[in-house]
$ cat query_0.txt   # compact mmCIF, C-alpha atoms
# COMPACT_ATOMS: atom_id res chain seq x y z
CA MET A 1011 110.83 97.45 70.95
CA THR A 1012 109.72 99.88 73.57
CA ALA A 1013 111.80 102.70 74.93
CA PRO A 1014 113.16 102.27 78.43
CA VAL A 1015 111.47 104.16 81.21
CA GLN A 1016 113.00 107.61 81.64
CA LEU A 1017 114.45 108.19 85.06
CA GLU A 1018 113.80 111.50 86.79
CA GLY A 1019 116.44 114.15 86.21
CA LYS A 1020 117.98 112.30 83.28
CA HIS A 1021 116.77 114.82 80.77
CA GLU A 1022 114.81 118.03 80.71
CA VAL A 1023 111.44 118.15 79.00
CA LYS A 1024 110.38 121.61 77.90
CA ALA A 1025 107.30 122.96 79.65
CA SER A 1026 105.92 123.89 76.24
CA LYS A 1027 106.03 120.21 75.20
CA LEU A 1028 104.15 119.14 78.30
CA LEU A 1029 101.55 121.84 77.71
CA ALA A 1030 101.24 120.98 74.03
CA THR A 1031 100.77 117.27 74.84
CA LEU A 1032 97.98 117.95 77.32
CA ALA A 1033 96.37 120.55 75.05
CA LEU A 1034 96.38 118.15 72.10
CA ALA A 1035 95.01 115.31 74.22
CA GLY A 1036 92.29 117.62 75.57
CA ALA A 1037 91.36 118.87 72.10
CA GLY A 1038 91.21 115.32 70.74
CA ALA A 1039 89.03 114.23 73.66
CA GLY A 1040 86.77 117.24 73.13
CA PHE A 1041 86.30 116.51 69.42
CA LEU A 1042 85.46 112.85 70.07
CA ILE A 1043 82.97 113.69 72.82
CA VAL A 1044 81.24 116.37 70.71
CA PHE A 1045 81.05 113.96 67.78
CA VAL A 1046 79.49 111.19 69.88
CA TRP A 1047 77.19 113.69 71.65
CA SER A 1048 75.84 114.99 68.35
CA TRP A 1049 75.21 111.39 67.25
CA THR A 1050 73.56 110.15 70.46
CA GLN A 1051 71.63 113.24 71.63
CA PRO A 1052 68.83 113.12 69.00
CA ILE A 1053 68.37 109.39 69.71
CA ILE A 1054 68.21 109.98 73.48
CA GLN A 1055 65.74 112.88 73.16
CA ALA A 1056 63.55 110.95 70.72
CA TYR A 1057 63.51 107.96 73.08
CA LYS A 1058 62.53 110.15 76.05
CA ALA A 1059 59.75 111.85 74.08
CA GLU A 1060 58.42 108.50 72.87
CA GLN A 1061 58.53 107.04 76.39
CA LEU A 1062 56.57 110.03 77.70
CA ARG A 1063 54.01 109.73 74.89
CA LEU A 1064 53.54 106.02 75.60
CA ALA A 1065 53.24 106.71 79.33
CA VAL A 1066 50.54 109.35 78.72
CA GLN A 1067 48.68 106.87 76.51
CA GLU A 1068 48.96 104.20 79.19
CA VAL A 1069 47.83 106.22 82.21
CA LEU A 1070 44.93 107.82 80.35
CA GLY A 1071 43.72 104.47 78.97
CA GLU A 1072 44.60 104.95 75.29
CA PRO A 1073 42.99 108.32 74.51
CA ASP A 1074 42.26 109.24 70.90
CA HIS A 1075 44.53 112.25 71.20
CA PHE A 1076 45.87 114.61 73.86
CA ASP A 1077 46.81 118.28 74.25
CA THR A 1078 49.98 119.45 75.93
CA LEU A 1079 49.27 122.19 78.46
CA TYR A 1080 51.86 124.26 80.31
CA VAL A 1081 51.84 125.53 83.89
CA TYR A 1082 52.51 129.19 83.18
CA GLU A 1083 52.00 132.07 85.64
CA GLY A 1084 49.75 130.03 87.93
CA ALA A 1085 47.46 128.70 85.21
CA LEU A 1086 47.26 125.96 82.61
CA VAL A 1087 47.71 127.33 79.12
CA LYS A 1088 47.68 125.58 75.78
CA ASP A 1089 49.38 128.25 73.72
CA LEU A 1090 52.37 129.98 75.22
CA PRO A 1091 53.19 133.62 74.46
CA THR A 1092 55.92 134.02 71.86
CA GLY A 1093 59.42 133.79 73.26
CA VAL A 1094 58.51 131.47 76.18
CA ASP A 1095 60.30 128.12 76.08
CA GLY A 1096 57.78 125.36 76.84
CA THR A 1097 60.42 122.72 77.53
CA ALA A 1098 61.44 124.55 80.72
CA LEU A 1099 57.86 124.60 82.07
CA GLU A 1100 55.92 121.86 83.85
CA GLN A 1101 53.64 120.07 81.41
CA VAL A 1102 50.19 118.59 81.87
CA PHE A 1103 48.56 116.41 79.22
CA LEU A 1104 44.82 116.48 78.62
CA GLY A 1105 43.45 113.40 76.88
CA TYR A 1106 40.31 113.19 74.75
CA ALA A 1107 38.18 110.28 73.58
CA ALA A 1108 37.35 109.85 69.89
CA GLY A 1109 34.12 111.83 70.34
CA GLY A 1110 36.01 114.80 71.81
CA GLU A 1111 35.00 114.17 75.46
CA ARG A 1112 37.67 114.83 78.03
CA ILE A 1113 39.10 111.66 79.59
CA GLY A 1114 41.41 113.26 82.11
CA PHE A 1115 44.73 114.93 82.83
CA ALA A 1116 48.10 113.19 82.92
CA VAL A 1117 50.83 114.74 85.07
CA ALA A 1118 54.44 113.69 85.61
CA TYR A 1119 56.13 114.66 88.86
CA GLY A 1120 59.04 113.51 91.00
CA GLU A 1121 59.90 113.45 94.69
CA PRO A 1122 62.78 111.94 96.69
CA GLY A 1123 62.27 108.24 97.35
CA PHE A 1124 64.36 105.75 99.33
CA GLN A 1125 67.44 106.08 97.09
CA ASP A 1126 66.88 108.90 94.63
CA ILE A 1127 64.11 110.88 92.94
CA VAL A 1128 61.11 108.76 92.01
CA ARG A 1129 59.33 110.21 88.99
CA VAL A 1130 55.78 109.14 88.37
CA ILE A 1131 53.15 109.92 85.75
CA PHE A 1132 49.48 109.43 86.56
CA GLY A 1133 46.16 109.98 84.84
CA TYR A 1134 43.51 111.87 86.79
CA ASP A 1135 39.84 112.45 86.12
CA ARG A 1136 39.28 115.75 87.90
CA ALA A 1137 35.48 115.66 87.60
CA GLY A 1138 35.22 112.19 89.15
CA GLN A 1139 38.19 112.81 91.55
CA GLN A 1140 39.55 109.49 90.34
CA VAL A 1141 43.04 108.28 89.44
CA LEU A 1142 42.97 106.63 86.01
CA GLY A 1143 46.36 104.93 86.07
CA MET A 1144 49.92 105.24 87.33
CA LYS A 1145 53.31 104.51 85.82
CA VAL A 1146 56.78 105.00 87.30
CA LEU A 1147 58.96 106.90 84.83
CA GLU A 1148 62.22 107.01 86.78
CA SER A 1149 63.32 105.27 89.94
CA LYS A 1150 66.53 103.94 91.44
CA GLU A 1151 64.74 102.18 94.29
CA THR A 1152 66.28 99.00 95.71
CA PRO A 1153 66.09 96.14 93.21
CA GLY A 1154 63.80 93.42 94.49
CA LEU A 1155 62.16 95.68 97.07
CA GLY A 1156 61.52 99.33 96.21
CA ASP A 1157 61.49 98.67 92.48
CA LYS A 1158 58.27 96.71 93.00
CA ILE A 1159 56.49 100.09 92.75
CA GLU A 1160 56.98 99.70 88.99
CA LYS A 1161 57.27 95.92 88.59
CA ASP A 1162 54.57 94.63 90.93
CA THR A 1163 51.45 94.71 88.74
CA SER A 1164 49.09 94.15 91.68
CA PHE A 1165 50.42 97.36 93.27
CA VAL A 1166 50.38 99.36 90.02
CA ASN A 1167 46.89 98.19 89.00
CA GLN A 1168 45.33 99.38 92.27
CA PHE A 1169 45.73 102.99 91.15
CA SER A 1170 43.32 102.60 88.24
CA GLY A 1171 39.98 103.70 89.64
CA ALA A 1172 41.23 104.71 93.10
CA SER A 1173 39.71 107.89 94.52
CA ALA A 1174 41.92 110.86 95.34
CA PRO A 1175 43.25 111.73 97.86
CA LEU A 1176 44.86 108.31 98.21
CA LEU A 1177 45.49 106.63 101.52
CA GLY A 1178 48.32 104.11 101.89
CA VAL A 1179 47.42 101.14 104.09
CA LYS A 1180 49.05 97.83 104.99
CA ALA A 1181 47.44 94.94 103.11
CA ARG A 1182 45.98 93.32 106.25
CA GLU A 1183 44.39 96.61 107.33
CA ALA A 1184 42.57 97.23 104.04
CA THR A 1185 38.84 97.89 104.36
CA GLY A 1186 37.96 98.18 100.68
CA ASP A 1187 37.63 101.97 100.74
CA PRO A 1188 38.24 103.37 97.21
CA HIS A 1189 40.82 105.82 98.65
CA GLU A 1190 42.97 102.98 99.95
CA ILE A 1191 46.12 101.68 98.30
CA ASP A 1192 47.74 98.52 99.70
CA MET A 1193 51.41 99.29 100.24
CA ILE A 1194 54.10 96.77 99.33
CA THR A 1195 55.52 94.81 102.26
CA GLY A 1196 59.20 95.70 102.63
CA ALA A 1197 58.87 98.75 100.39
CA THR A 1198 56.71 101.03 102.52
CA ILE A 1199 58.83 104.14 101.91
CA SER A 1200 58.76 103.70 98.12
CA SER A 1201 55.01 102.96 98.16
CA ARG A 1202 54.34 106.06 100.25
CA VAL A 1203 56.36 108.22 97.84
CA VAL A 1204 54.13 107.26 94.91
CA ILE A 1205 51.00 108.02 96.95
CA ARG A 1206 52.49 111.32 98.20
CA ILE A 1207 53.41 112.42 94.67
CA ILE A 1208 49.86 111.84 93.43
CA ASN A 1209 48.20 113.50 96.45
CA SER A 1210 50.45 116.56 96.44
CA THR A 1211 50.18 117.02 92.67
CA VAL A 1212 46.39 116.73 92.75
CA GLU A 1213 46.29 119.30 95.56
CA ARG A 1214 48.65 121.66 93.75
CA LEU A 1215 47.31 121.38 90.21
CA GLY A 1216 43.67 120.48 90.90
CA PRO A 1217 42.48 124.13 91.05
CA LEU A 1218 44.41 124.88 87.85
CA MET A 1219 42.68 121.96 86.13
CA ASP A 1220 39.29 123.29 87.30
CA ALA A 1221 40.14 126.74 86.01
CA TYR A 1222 41.22 125.36 82.65
CA THR A 1223 38.11 123.19 82.18
CA GLY A 1224 35.99 126.22 83.13
CA GLN A 1225 37.82 128.23 80.52
CA VAL A 1226 37.17 125.53 77.89
CA ALA A 1227 33.49 125.41 78.84
CA ARG A 1228 33.31 129.16 78.23
CA GLY A 1229 34.73 128.47 74.77
CA ASP A 1230 38.18 130.00 75.22
CA THR A 1231 40.04 126.97 73.94
CA GLY A 1232 39.21 123.36 73.14
CA GLY A 1233 40.57 119.93 72.58
CA THR A 1234 41.80 120.26 69.07
CA ARG A 1235 44.01 117.69 67.49
CA MET B 1067 115.36 97.54 81.83
CA SER B 1068 113.21 96.25 79.02
CA PRO B 1069 109.94 94.56 79.92
CA ARG B 1070 110.02 90.81 80.37
CA GLU B 1071 109.20 88.92 77.17
CA THR B 1072 105.93 86.97 77.17
CA THR B 1073 103.98 85.14 74.50
CA ALA B 1074 100.72 86.46 73.07
CA GLN B 1075 98.88 83.61 74.73
CA VAL B 1076 100.28 84.51 78.13
CA ASP B 1077 99.38 88.18 77.60
CA PHE B 1078 95.77 87.25 76.93
CA PHE B 1079 95.12 84.49 79.46
CA ARG B 1080 96.95 86.17 82.33
CA GLY B 1081 94.11 88.68 82.79
CA VAL B 1082 91.36 86.15 82.10
CA TRP B 1083 92.19 83.81 84.97
CA LYS B 1084 95.66 83.68 86.55
CA GLU B 1085 95.64 87.40 87.36
CA ASN B 1086 91.90 87.99 87.17
CA PRO B 1087 91.41 91.67 88.06
CA VAL B 1088 88.59 91.09 90.56
CA ILE B 1089 89.15 87.62 92.00
CA ILE B 1090 92.95 87.69 92.20
CA GLN B 1091 94.08 91.34 92.00
CA MET B 1092 91.07 92.69 93.91
CA LEU B 1093 90.78 95.64 91.53
CA GLY B 1094 87.57 97.21 90.22
CA LEU B 1095 85.67 96.13 93.34
CA CYS B 1096 83.40 99.21 93.34
CA PRO B 1097 81.39 98.13 90.26
CA ALA B 1098 81.81 94.44 91.19
CA LEU B 1099 79.97 95.09 94.46
CA ALA B 1100 77.59 97.82 93.36
CA VAL B 1101 76.00 96.82 90.06
CA THR B 1102 76.09 93.03 90.11
CA ASN B 1103 72.58 92.54 91.51
CA THR B 1104 71.44 91.11 88.15
CA VAL B 1105 73.29 89.31 85.35
CA ALA B 1106 72.09 91.87 82.76
CA ASN B 1107 73.58 94.74 84.78
CA SER B 1108 76.81 92.80 85.31
CA LEU B 1109 77.12 92.12 81.58
CA ALA B 1110 76.41 95.74 80.63
CA MET B 1111 78.97 97.05 83.12
CA GLY B 1112 81.44 94.36 82.04
CA PHE B 1113 81.17 95.24 78.36
CA ALA B 1114 81.30 99.00 79.04
CA THR B 1115 84.51 98.48 81.06
CA PHE B 1116 85.88 96.16 78.35
CA PHE B 1117 85.28 98.88 75.74
CA VAL B 1118 86.94 101.58 77.85
CA LEU B 1119 89.90 99.33 78.69
CA THR B 1120 90.62 98.22 75.12
CA GLY B 1121 90.07 101.70 73.67
CA SER B 1122 92.36 103.27 76.26
CA SER B 1123 95.05 100.60 75.90
CA LEU B 1124 95.03 101.01 72.12
CA LEU B 1125 95.39 104.79 72.31
CA VAL B 1126 97.93 104.78 75.14
CA SER B 1127 100.08 102.24 73.32
CA LEU B 1128 99.78 104.11 70.01
CA THR B 1129 100.79 107.46 71.51
CA LYS B 1130 103.38 106.27 74.06
CA LYS B 1131 106.31 107.68 72.05
CA TRP B 1132 104.89 111.19 72.03
CA VAL B 1133 103.65 111.44 75.60
CA PRO B 1134 106.36 112.63 78.00
CA SER B 1135 106.47 110.52 81.16
CA GLU B 1136 105.92 113.65 83.30
CA VAL B 1137 102.37 114.04 81.98
CA ARG B 1138 101.56 110.42 81.28
CA ILE B 1139 99.12 109.94 84.19
CA PRO B 1140 96.96 113.01 83.35
CA THR B 1141 97.01 111.91 79.70
CA PHE B 1142 95.93 108.36 80.62
CA ILE B 1143 93.11 109.74 82.79
CA LEU B 1144 92.00 112.05 79.98
CA ILE B 1145 91.95 109.16 77.50
CA ILE B 1146 90.07 106.90 79.93
CA ALA B 1147 87.57 109.67 80.81
CA THR B 1148 86.91 110.27 77.11
CA PHE B 1149 86.15 106.61 76.45
CA VAL B 1150 83.94 106.48 79.56
CA THR B 1151 81.93 109.49 78.32
CA VAL B 1152 81.58 107.85 74.91
CA ALA B 1153 80.45 104.58 76.56
CA ASP B 1154 77.99 106.47 78.81
CA MET B 1155 76.37 108.34 75.91
CA SER B 1156 76.31 105.27 73.66
CA LEU B 1157 74.69 103.10 76.35
CA GLU B 1158 72.06 105.77 76.98
CA ALA B 1159 71.28 105.96 73.26
CA LEU B 1160 71.43 102.24 72.45
CA VAL B 1161 70.29 100.42 75.62
CA PRO B 1162 68.49 103.11 77.68
CA VAL B 1163 66.83 100.61 80.03
CA ILE B 1164 70.15 99.13 81.14
CA HIS B 1165 71.77 102.57 81.25
CA LYS B 1166 69.05 103.67 83.67
CA GLN B 1167 69.77 100.73 85.94
CA LEU B 1168 73.52 101.26 85.99
CA GLY B 1169 72.98 104.85 87.08
CA ALA B 1170 76.10 106.72 88.14
CA PHE B 1171 78.34 103.67 87.95
CA VAL B 1172 79.06 104.04 84.24
CA ALA B 1173 80.66 107.43 84.91
CA LEU B 1174 82.63 105.85 87.75
CA ILE B 1175 84.47 103.50 85.35
CA VAL B 1176 86.89 106.40 85.01
CA VAL B 1177 88.18 105.75 88.54
CA ASN B 1178 88.38 101.99 88.10
CA CYS B 1179 92.01 101.40 89.10
CA MET B 1180 92.09 98.22 87.00
CA ILE B 1181 92.03 100.34 83.83
CA LEU B 1182 94.65 102.84 84.92
CA SER B 1183 96.90 100.04 86.20
CA ARG B 1184 96.88 98.29 82.79
CA GLN B 1185 97.86 101.56 81.09
CA GLU B 1186 100.69 102.28 83.50
CA ALA B 1187 101.96 98.70 83.87
CA PHE B 1188 101.48 97.41 80.35
CA ALA B 1189 100.11 99.55 77.50
CA SER B 1190 102.55 102.43 78.01
CA LYS B 1191 105.52 100.06 77.65
CA ARG B 1192 104.43 97.47 75.06
CA PRO B 1193 103.59 97.41 71.34
CA VAL B 1194 99.98 97.92 70.22
CA GLY B 1195 99.21 94.26 69.52
CA ARG B 1196 100.40 93.07 72.89
CA SER B 1197 98.61 95.90 74.69
CA LEU B 1198 95.37 95.01 72.96
CA LEU B 1199 95.74 91.33 73.88
CA ASP B 1200 96.39 92.27 77.49
CA ALA B 1201 93.32 94.57 77.48
CA PHE B 1202 91.13 91.87 75.88
CA GLY B 1203 92.27 89.34 78.47
CA THR B 1204 91.78 91.66 81.43
CA GLY B 1205 88.42 92.83 80.05
CA VAL B 1206 87.21 89.25 79.56
CA GLY B 1207 88.43 88.39 83.07
CA PHE B 1208 86.46 91.33 84.44
CA ILE B 1209 83.30 90.28 82.57
CA ILE B 1210 83.67 86.70 83.90
CA ALA B 1211 84.05 87.96 87.48
CA MET B 1212 81.05 90.31 87.10
CA VAL B 1213 78.85 87.52 85.72
CA MET B 1214 79.98 85.17 88.51
CA MET B 1215 78.88 87.77 91.05
CA GLY B 1216 75.70 88.72 89.19
CA SER B 1217 74.46 85.16 88.60
CA VAL B 1218 74.74 84.14 92.27
CA ARG B 1219 73.09 87.36 93.46
CA GLU B 1220 70.25 87.27 90.93
CA VAL B 1221 69.49 83.55 91.41
CA LEU B 1222 69.49 83.68 95.21
CA GLY B 1223 68.19 87.22 95.64
CA ASN B 1224 65.45 87.23 93.01
CA GLY B 1225 64.97 83.61 91.95
CA THR B 1226 65.67 84.49 88.31
CA LEU B 1227 68.52 84.25 85.83
CA LEU B 1228 68.64 86.91 83.10
CA GLY B 1229 65.06 87.71 84.06
CA TYR B 1230 63.76 84.11 83.65
CA SER B 1231 62.15 82.64 86.75
CA LEU B 1232 64.00 79.52 87.94
CA PHE B 1233 62.07 78.30 90.95
CA GLY B 1234 58.45 79.27 90.32
CA PRO B 1235 56.20 81.54 92.35
CA ASN B 1236 56.67 79.69 95.66
CA PHE B 1237 60.34 80.56 95.93
CA GLU B 1238 61.07 83.00 98.72
CA PRO B 1239 64.06 85.07 97.51
CA TRP B 1240 66.99 85.86 99.81
CA VAL B 1241 66.60 89.58 99.33
CA ILE B 1242 69.86 90.30 101.13
CA PHE B 1243 71.74 89.05 98.08
CA ILE B 1244 70.51 91.88 95.88
CA LEU B 1245 71.08 94.46 98.59
CA PRO B 1246 74.58 95.94 99.14
CA PRO B 1247 75.57 93.41 101.88
CA GLY B 1248 74.85 90.65 99.37
CA GLY B 1249 77.67 92.00 97.18
CA PHE B 1250 80.17 91.62 100.00
CA LEU B 1251 78.83 88.18 100.96
CA THR B 1252 78.96 86.88 97.38
CA LEU B 1253 82.46 88.22 96.82
CA GLY B 1254 83.56 86.68 100.12
CA PHE B 1255 82.13 83.28 99.17
CA TRP B 1256 83.79 83.34 95.74
CA LEU B 1257 87.17 84.30 97.26
CA LEU B 1258 86.78 81.54 99.86
CA PHE B 1259 86.01 79.04 97.13
CA PHE B 1260 88.97 80.05 94.92
CA ASN B 1261 91.42 80.09 97.83
CA TRP B 1262 90.25 76.64 98.89
CA TRP B 1263 90.54 75.37 95.32
CA GLN B 1264 94.01 76.85 94.91
CA LYS B 1265 95.14 75.22 98.16
CA LEU B 1266 93.71 71.88 97.05
CA ARG B 1267 95.56 72.10 93.74
CA GLU B 1268 98.82 72.94 95.47
CA GLU B 1269 98.43 69.97 97.83
CA ARG B 1270 97.67 67.64 94.92
CA ALA B 1271 100.72 68.93 93.04
CA LYS B 1272 102.83 68.26 96.12
CA VAL B 1273 101.56 64.67 96.30
CA ARG B 1274 102.35 64.11 92.63
CA GLU B 1275 105.99 65.09 93.23
CA TRP B 1276 106.54 61.97 95.40
CA PRO B 1277 107.10 58.56 93.81
CA ASP B 1278 104.41 55.87 93.90
CA GLY B 1279 103.94 54.21 97.24
CA VAL B 1280 105.70 56.98 99.20
CA ALA B 1281 103.38 59.14 101.27
CA ALA B 1282 103.89 62.88 101.00
CA PRO B 1283 105.01 64.52 104.24
CA VAL B 1284 102.26 66.11 106.23
CA GLU B 1285 102.94 69.60 107.51
CA GLY B 1286 104.07 69.67 111.16
CA ARG B 1287 105.11 65.99 111.11
CA ALA B 1288 108.53 64.52 110.27
CA ALA B 1289 108.76 62.89 106.81
$ encode --input "query_0.txt" --output "structure tokens"
Amino acid sequence: MTAPVQLEGKHEVKASKLLATLALAGAGAGFLIVFVWSWTQPIIQAYKAEQLRLAVQEVLGEPDHFDTLYVYEGALVKDLPTGVDGTALEQVFLGYAAGGERIGFAVAYGEPGFQDIVRVIFGYDRAGQQVLGMKVLESKETPGLGDKIEKDTSFVNQFSGASAPLLGVKAREATGDPHEIDMITGATISSRVVIRIINSTVERLGPLMDAYTGQVARGDTGGTR
Amino acid sequence: MSPRETTAQVDFFRGVWKENPVIIQMLGLCPALAVTNTVANSLAMGFATFFVLTGSSLLVSLTKKWVPSEVRIPTFILIIATFVTVADMSLEALVPVIHKQLGAFVALIVVNCMILSRQEAFASKRPVGRSLLDAFGTGVGFIIAMVMMGSVREVLGNGTLLGYSLFGPNFEPWVIFILPPGGFLTLGFWLLFFNWWQKLREERAKVREWPDGVAAPVEGRAA
């Protein structure tokens, strides 16, 4: 059976034994965590990459292929100089149709929402100043209210074809202007965040997109597979 | 003093119902209030806690002879934290959608006093088999309580059960039930119900103690 509980002061336990116990427990815990980390990490990274790829496909309307561009030293570049880690840089995806025509740019960006950071990816046709589609990548908005920004299809679908900059309006005040997005009743803050993310990103990266397309037109780089 | 002898059945069912960690012992209320807005979230949190509890109880019971009592609490916490980290990573790899919804609450299993209390009160003093039975029972009891909370909140607050719509598009959900106050309200209603039920059972048992034809004394009145 089990040993009785030791009462304080009944016997002395060497400090070295206490240290050794904790050190062994810590080492065992460390080994187990490292083992599980090395098993799960590739799966987690692969899932994230796949989710991003699917999101780019979705917001650009199933392009034939897309290029990954990096925001590097105030410009969009396709090929980074050697030694620069692309994973640490902001990425922009440029989608192409089967014939090689540019469809638009897809950008993922996050801003604080009602509960936590809301991260959104959207497709944007710079030439037509038009949003092509929007998808929420990450959000911890209130279930049943704020999370409608990703679950309410009538809200999500409005972004396809809307003209930038977007303007959030209450449903009853809508006039049919292509800049208008009807906000969700009861989730105004979350709706505004999505609109703000798209507007601020377009404003910030729009000139970079123009510069890049100009560069392509001059024949510097192109939409290669 | 050696621990009181109990049967395996008692060890298991005690945690499931008679000493249910949430409904009776009022332990683990943080996840029970925070992540029970849908049944799927409740189940995921319930199973993650079940895994951490059984893993920790197994290890604590296995190593009890070698862990000096002076460092037992830090050792228990270390063991629990390790299993929580394993559960967190595994959930993220295997069910990323649910992991995303549970957010920070998976990591907070480590401070769920229900788990530490089972280690201190049971697993560190009993053989492995008994400790595992106790952990299974308590874990199942926790899952039951979580699903009880989650089902009420999801049905009333969203009109769905496990994502399936129950009342059609005309149902106006009681959104408060999926918001934080809904957690407190639901828990309050369940506790009210169980206390009322317990009282009813006690009164019925009292009536049964009296022979046929003799009315049981009513409180505050002479028999």
$ residues_around --input "query_0.txt" --residues "Val1046 of chain A" --least-positions-apart "5" --cutoff "12 Å" --atoms "all atoms listed in the file" --output "list in words"
Ala1039, Gly1040, Phe1041, Gln1051, Pro1052, Ile1053 and Ile1054 of chain A; Thr1148, Phe1149, Val1150, Thr1151, Val1152, Ala1153, Asp1154, Met1155, Ser1156, Leu1157, Glu1158 and Ala1159 of chain B
$ residues_around --input "query_0.txt" --residues "segment 1103-1117 of chain A" --least-positions-apart "2" --cutoff "8 Å" --atoms "all atoms listed in the file" --output "JSON, numbers by chain"
{"A": [1066, 1069, 1070, 1073, 1074, 1075, 1076, 1077, 1078, 1079, 1101, 1119, 1131, 1132, 1133, 1134, 1135, 1136, 1142, 1211, 1233]}
$ write_last_selection --input "query_0.txt" --atoms "C-alpha atoms" --output "PDB file, keeping the file's coordinate frame"
ATOM      1  CA  VAL A1066      50.540 109.350  78.720  1.00  0.00           C
ATOM      2  CA  VAL A1069      47.830 106.220  82.210  1.00  0.00           C
ATOM      3  CA  LEU A1070      44.930 107.820  80.350  1.00  0.00           C
ATOM      4  CA  PRO A1073      42.990 108.320  74.510  1.00  0.00           C
ATOM      5  CA  ASP A1074      42.260 109.240  70.900  1.00  0.00           C
ATOM      6  CA  HIS A1075      44.530 112.250  71.200  1.00  0.00           C
ATOM      7  CA  PHE A1076      45.870 114.610  73.860  1.00  0.00           C
ATOM      8  CA  ASP A1077      46.810 118.280  74.250  1.00  0.00           C
ATOM      9  CA  THR A1078      49.980 119.450  75.930  1.00  0.00           C
ATOM     10  CA  LEU A1079      49.270 122.190  78.460  1.00  0.00           C
ATOM     11  CA  GLN A1101      53.640 120.070  81.410  1.00  0.00           C
ATOM     12  CA  TYR A1119      56.130 114.660  88.860  1.00  0.00           C
ATOM     13  CA  ILE A1131      53.150 109.920  85.750  1.00  0.00           C
ATOM     14  CA  PHE A1132      49.480 109.430  86.560  1.00  0.00           C
ATOM     15  CA  GLY A1133      46.160 109.980  84.840  1.00  0.00           C
ATOM     16  CA  TYR A1134      43.510 111.870  86.790  1.00  0.00           C
ATOM     17  CA  ASP A1135      39.840 112.450  86.120  1.00  0.00           C
ATOM     18  CA  ARG A1136      39.280 115.750  87.900  1.00  0.00           C
ATOM     19  CA  LEU A1142      42.970 106.630  86.010  1.00  0.00           C
ATOM     20  CA  THR A1211      50.180 117.020  92.670  1.00  0.00           C
ATOM     21  CA  GLY A1233      40.570 119.930  72.580  1.00  0.00           C
TER      22      GLY A1233
END
$ interface_residues --input "query_0.txt" --of "chain A" --to "chain B" --cutoff "7 Å" --atoms "all atoms listed in the file" --output "PDB file with C-alpha atoms, in the frame of the given file"
ATOM      1  CA  THR A1012     109.720  99.880  73.570  1.00  0.00           C
ATOM      2  CA  PRO A1014     113.160 102.270  78.430  1.00  0.00           C
ATOM      3  CA  LEU A1028     104.150 119.140  78.300  1.00  0.00           C
ATOM      4  CA  THR A1031     100.770 117.270  74.840  1.00  0.00           C
ATOM      5  CA  LEU A1032      97.980 117.950  77.320  1.00  0.00           C
ATOM      6  CA  ALA A1035      95.010 115.310  74.220  1.00  0.00           C
ATOM      7  CA  ALA A1039      89.030 114.230  73.660  1.00  0.00           C
ATOM      8  CA  ILE A1043      82.970 113.690  72.820  1.00  0.00           C
ATOM      9  CA  VAL A1046      79.490 111.190  69.880  1.00  0.00           C
ATOM     10  CA  TRP A1047      77.190 113.690  71.650  1.00  0.00           C
ATOM     11  CA  THR A1050      73.560 110.150  70.460  1.00  0.00           C
ATOM     12  CA  ILE A1053      68.370 109.390  69.710  1.00  0.00           C
ATOM     13  CA  ILE A1054      68.210 109.980  73.480  1.00  0.00           C
ATOM     14  CA  PRO A1153      66.090  96.140  93.210  1.00  0.00           C
ATOM     15  CA  GLY A1154      63.800  93.420  94.490  1.00  0.00           C
TER      16      GLY A1154
END
$ residues_around --input "query_0.txt" --residues "Phe1202 of chain B" --least-positions-apart "6" --cutoff "8 Å" --atoms "only C-alpha atoms" --output "PyMOL selection string"
chain B and resi 1078+1116+1120
$ write_last_selection --input "query_0.txt" --atoms "C-alpha atoms" --output "short mmCIF file (atom, residue, chain, number, x, y, z; two decimals), in the coordinates of the input"
data_model
loop_
_atom_site.label_atom_id
_atom_site.label_comp_id
_atom_site.auth_asym_id
_atom_site.auth_seq_id
_atom_site.Cartn_x
_atom_site.Cartn_y
_atom_site.Cartn_z
CA PHE B 1078 95.77 87.25 76.93
CA PHE B 1116 85.88 96.16 78.35
CA THR B 1120 90.62 98.22 75.12
#
$ residues_around --input "query_0.txt" --residues "segment 1180-1189 of chain B" --least-positions-apart "6" --cutoff "9 Å" --atoms "only C-alpha atoms" --output "number ranges by chain"
B: 1069, 1087-1088, 1091-1094, 1115, 1118-1119, 1122-1128, 1130, 1138-1139, 1142-1143, 1146, 1196-1198, 1200-1201, 1204
$ atom_distance --input "query_0.txt" --atom1 "atom CA of Val1101 of chain B" --atom2 "atom CA of Thr1226 of chain B"
16.2 Å
$ closest_residue --input "query_0.txt" --among "A:Ala1174, A:Thr1185, A:Ser1200, A:Gly1216" --to "Pro1122 of chain A" --atoms "all atoms listed in the file"
A:Ser1200
$ atom_distance --input "query_0.txt" --atom1 "atom CA of Ala1025 of chain A" --atom2 "atom CA of Gly1038 of chain A"
19.9 Å
$ atom_distance --input "query_0.txt" --atom1 "atom CA of Thr1252 of chain B" --atom2 "atom CA of Met1215 of chain B"
6.4 Å
$ residues_near_point --input "query_0.txt" --point "(79.3, 98.1, 95.1)" --cutoff "10 Å" --atoms "all atoms listed in the file" --output "list in words"
Gly1094, Leu1095, Cys1096, Pro1097, Ala1098, Leu1099, Ala1100, Val1101, Thr1102, Asn1103, Phe1171, Leu1245, Pro1246, Pro1247, Gly1248, Gly1249 and Phe1250 of chain B
$ residues_around --input "query_0.txt" --residues "Val1206 of chain B" --least-positions-apart "6" --cutoff "9 Å" --atoms "only C-alpha atoms" --output "MDAnalysis selection string"
chainID B and resid 1081:1082 1112:1113 1116
